[in-house]
Amino acid sequence: MATDWLGSIVSINCGESLGVYQGRVSAVDQVSQTISLTRPFHNGVKCLVPEVTFRAGDITELKILEIPGPGDSRQCGDSQQMETGVGCQVGPSQNGTGKVLKKPCSAPQNIPRRTDVKSQDMVISPQQQCSKSYMDRHMETLSQSKGFRRRHNSWSSSSRHPNQATPKKSGLKNGQMKSKDDECFGDDIDEIPDTDFDFEGNLALFDKAAVFEEIETYERRSGTRSRGTPNEKPARYRHDENILESEPIVYRRIVVPQNPNKEFCTDSGLVVPSVSYELHKKLLSVAEKHGLTLERRLEMTGVCASQMALSLLGGPNRLNPKNVHQRPTVALLCGPHVKGAQGISCGRHLSNHDVHVILFLPNFVKMLESITNELNLFSKTQGQQVSSVKDLPDTPVDLVINCLDCHENAFLRDQPWYKAVVDWANQNRAPVLSIDPPISEMELGIDAKWSLALGLPLPLGERAGRVYLCDIGIPQKVFQEVGINYHSPFGCKFVIPLHST
């Protein structure tokens, strides 16, 4: 009788110390009371040895998972479930002889399964009923686990018991489902490799350089590459550059009659030479003679300076209707001269753009006509005018515009109000924008972060900060009249930055 169980798939529970083993019965020795399993699995993991042997005294519980038979092709797991019959349990006897104990089980119960198989279509022997009912009681619980289904799908036998009939097929649909199950879960478990895949080793076998060289050689021979080899990088152009061939660019298009003390260049690379204060003064005088009056020059300077100041204050990110609570504050420091009038014009335009402007201008008995006219226009804005340093803000402002210094009236730097305003500006932590600063660094009482030059730059020093140039509307023939060969470096802008060469 022991030979009848050879080839059966069983599960042996050896207690907590040894664990649970599954495998196919390969030998049963009644004399030594041992049972051997081939292709064993220990706690769901395939064993390294091909066969293990158990003594009857070590076995706590033995479950029969499948009884082999010719023509049996059922698969265990949840793909198909079995019918219950007369149950049995196999385990060691009280005297340790390992007998096979048979106990009557409950009446058969119908368990639903995928294939519509009726009880009258099956012919089951009493011996199979005993083993099958025990299997059904445990397979119904174990089939709920994904790991069990994946681990035991390959244990399906290739043949059925000779006394067991083949169930009738319930149509093409169920046949297709069974075919899909066989395709997905029907691989032999022996084909699964025990070792992990060596990704680094397989990647090292790929010679990328050789493959790319072969691809490039093929493309060159077939003519598919029309823009040269990969080593030949095509020229890249910006959105504002012309890809058509044109005349060579001349970067030195402004020539002055005297050797410049200092030269600047624009973002496009155009060279802008500096001019002396005498030549600059002569240029403004000739322009005024041809109709570019002082009032026009003040207005143009105020527009360009205010445009630069608005950019420094944040531009559209800050000056918009949604940021009314972030209204910037500008302190405008002006002296009683033409440069001060330029600053007042700038303050008027800033105030018109919703900037809070505080204008400092000392009290004088007699003011220049240009200053009087600019003050009259400024008074019509929301700007604030003060004549004492005590009225200036105690807290840092957003920007300080310096128009205190003059190219000619050097005696103003000795006045008490001048020194007080310079001390206030140096103690305030706001950045400084200087409009048309003088050449000598000794005359600069306030260090500027930016300086705005008019028409052509003067040879400014390091204390002037970063130099910008604004277009005040001087015609080209006016430059030629004073001996300057001039081509506008401004392009589409009225204020451009200059860089030291």
# chains A, B, ... in the order shown; residues from 1 in each chain; ligands from 1

$ residues_around --residues "Ser488 of chain A" --least-positions-apart "5" --cutoff "9 Å" --atoms "only C-alpha atoms" --output "list in words"
Arg253, Ile254, Asp471 and Gln476 of chain A

$ write_last_selection --atoms "C-alpha atoms" --output "CSV table (one decimal), in the first residue's frame"
chain,number,residue,atom,x,y,z
A,253,ARG,CA,31.4,103.2,-35.2
A,254,ILE,CA,31.9,106.2,-32.9
A,471,ASP,CA,19.7,109.2,-25.6
A,476,GLN,CA,23.7,113.0,-35.9

$ atom_distance --atom1 "atom CA of Cys346 of chain A" --atom2 "atom CA of Glu374 of chain A"
9.8 Å

$ residues_around --residues "Ile439 of chain A" --least-positions-apart "3" --cutoff "8 Å" --atoms "only C-alpha atoms" --output "tab-separated table (two decimals) with N, CA and C atoms, in the first residue's frame"
chain	number	residue	atom	x	y	z
A	277	TYR	N	34.97	116.78	-20.59
A	277	TYR	CA	33.86	117.65	-20.20
A	277	TYR	C	33.75	118.85	-21.14
A	407	HIS	N	29.28	120.21	-12.26
A	407	HIS	CA	30.60	120.19	-12.89
A	407	HIS	C	31.40	121.46	-12.60
A	443	GLU	N	35.11	114.99	-6.11
A	443	GLU	CA	33.90	115.79	-6.01
A	443	GLU	C	32.67	114.96	-5.66
A	458	LEU	N	31.25	110.49	-19.91
A	458	LEU	CA	32.49	111.11	-19.44
A	458	LEU	C	33.39	110.02	-18.86
A	459	PRO	N	34.70	110.24	-18.77
A	459	PRO	CA	35.60	109.22	-18.19
A	459	PRO	C	35.40	109.11	-16.68
A	460	LEU	N	34.32	108.46	-16.27
A	460	LEU	CA	33.96	108.35	-14.86
A	460	LEU	C	34.84	107.31	-14.17
A	461	GLY	N	35.02	107.50	-12.87
A	461	GLY	CA	35.84	106.59	-12.08
A	461	GLY	C	35.03	105.46	-11.48

$ select_by_dssp --residues "segment 253-424 of chain A" --states "alpha helix (DSSP H)" --output "count of residues only"
66

$ closest_residue --among "A:Ser8, A:Ser345, A:Ile474, A:Phe41" --to "Leu292 of chain A" --atoms "only C-alpha atoms"
A:Ile474

$ residues_around --residues "Gly15 of chain A" --least-positions-apart "4" --cutoff "10 Å" --atoms "only C-alpha atoms" --output "compact mmCIF listing (two decimals) with N, CA, C and O atoms, in the first residue's frame"
# COMPACT_ATOMS: atom_id res chain seq x y z
N GLY A 19 9.74 23.51 10.58
CA GLY A 19 8.93 24.18 9.59
C GLY A 19 8.12 23.25 8.73
O GLY A 19 7.90 22.07 9.08
N VAL A 20 7.66 23.75 7.60
CA VAL A 20 6.77 23.03 6.70
C VAL A 20 7.50 22.74 5.40
O VAL A 20 8.17 23.62 4.85
N ASP A 58 9.32 12.88 13.58
CA ASP A 58 9.48 14.32 13.36
C ASP A 58 8.25 14.95 12.71
O ASP A 58 8.15 16.18 12.64
N ILE A 59 7.33 14.13 12.22
CA ILE A 59 6.19 14.64 11.47
C ILE A 59 5.06 14.94 12.44
O ILE A 59 4.62 14.08 13.20
N THR A 60 4.62 16.20 12.42
CA THR A 60 3.47 16.61 13.24
C THR A 60 2.17 16.46 12.47
O THR A 60 1.15 16.04 13.03
N GLU A 61 2.19 16.79 11.19
CA GLU A 61 0.97 16.70 10.38
C GLU A 61 1.39 16.50 8.93
O GLU A 61 2.37 17.09 8.47

$ select_by_dssp --residues "segment 263-478 of chain A" --states "strand (DSSP E or B)" --output "PyMOL selection string"
chain A and resi 263-265+271-273+329-334+356-360+384-386+399-403+432-435+450-454+466-470

$ atom_distance --atom1 "atom CA of Arg297 of chain A" --atom2 "atom CA of Leu312 of chain A"
22.5 Å

$ residues_around --residues "Ile249 of chain A" --least-positions-apart "6" --cutoff "12 Å" --atoms "only C-alpha atoms" --output "PyMOL selection string"
chain A and resi 268-271

$ residues_around --residues "segment 446-448 of chain A" --least-positions-apart "6" --cutoff "9 Å" --atoms "only C-alpha atoms" --output "VMD selection string"
chain A and resid 402 422 to 423 425 to 426 431 to 434 463 to 466

$ closest_residue --among "A:Pro437, A:Gly57, A:Pro475, A:Gly7" --to "Ser36 of chain A" --atoms "only C-alpha atoms"
A:Gly7

$ atom_distance --atom1 "atom CA of Cys470 of chain A" --atom2 "atom CA of Ala309 of chain A"
12.5 Å

$ residues_around --residues "Asn363 of chain A" --least-positions-apart "3" --cutoff "9 Å" --atoms "only C-alpha atoms" --output "list in words"
Pro336, Lys366, Met367, Ser387 and Ser388 of chain A

$ closest_residue --among "A:Ala204, A:Cys265, A:Leu6, A:Cys492" --to "Pro457 of chain A" --atoms "only C-alpha atoms"
A:Cys265

$ closest_residue --among "A:Leu350, A:Leu333, A:Pro416, A:Leu375" --to "Cys403 of chain A" --atoms "only C-alpha atoms"
A:Leu333
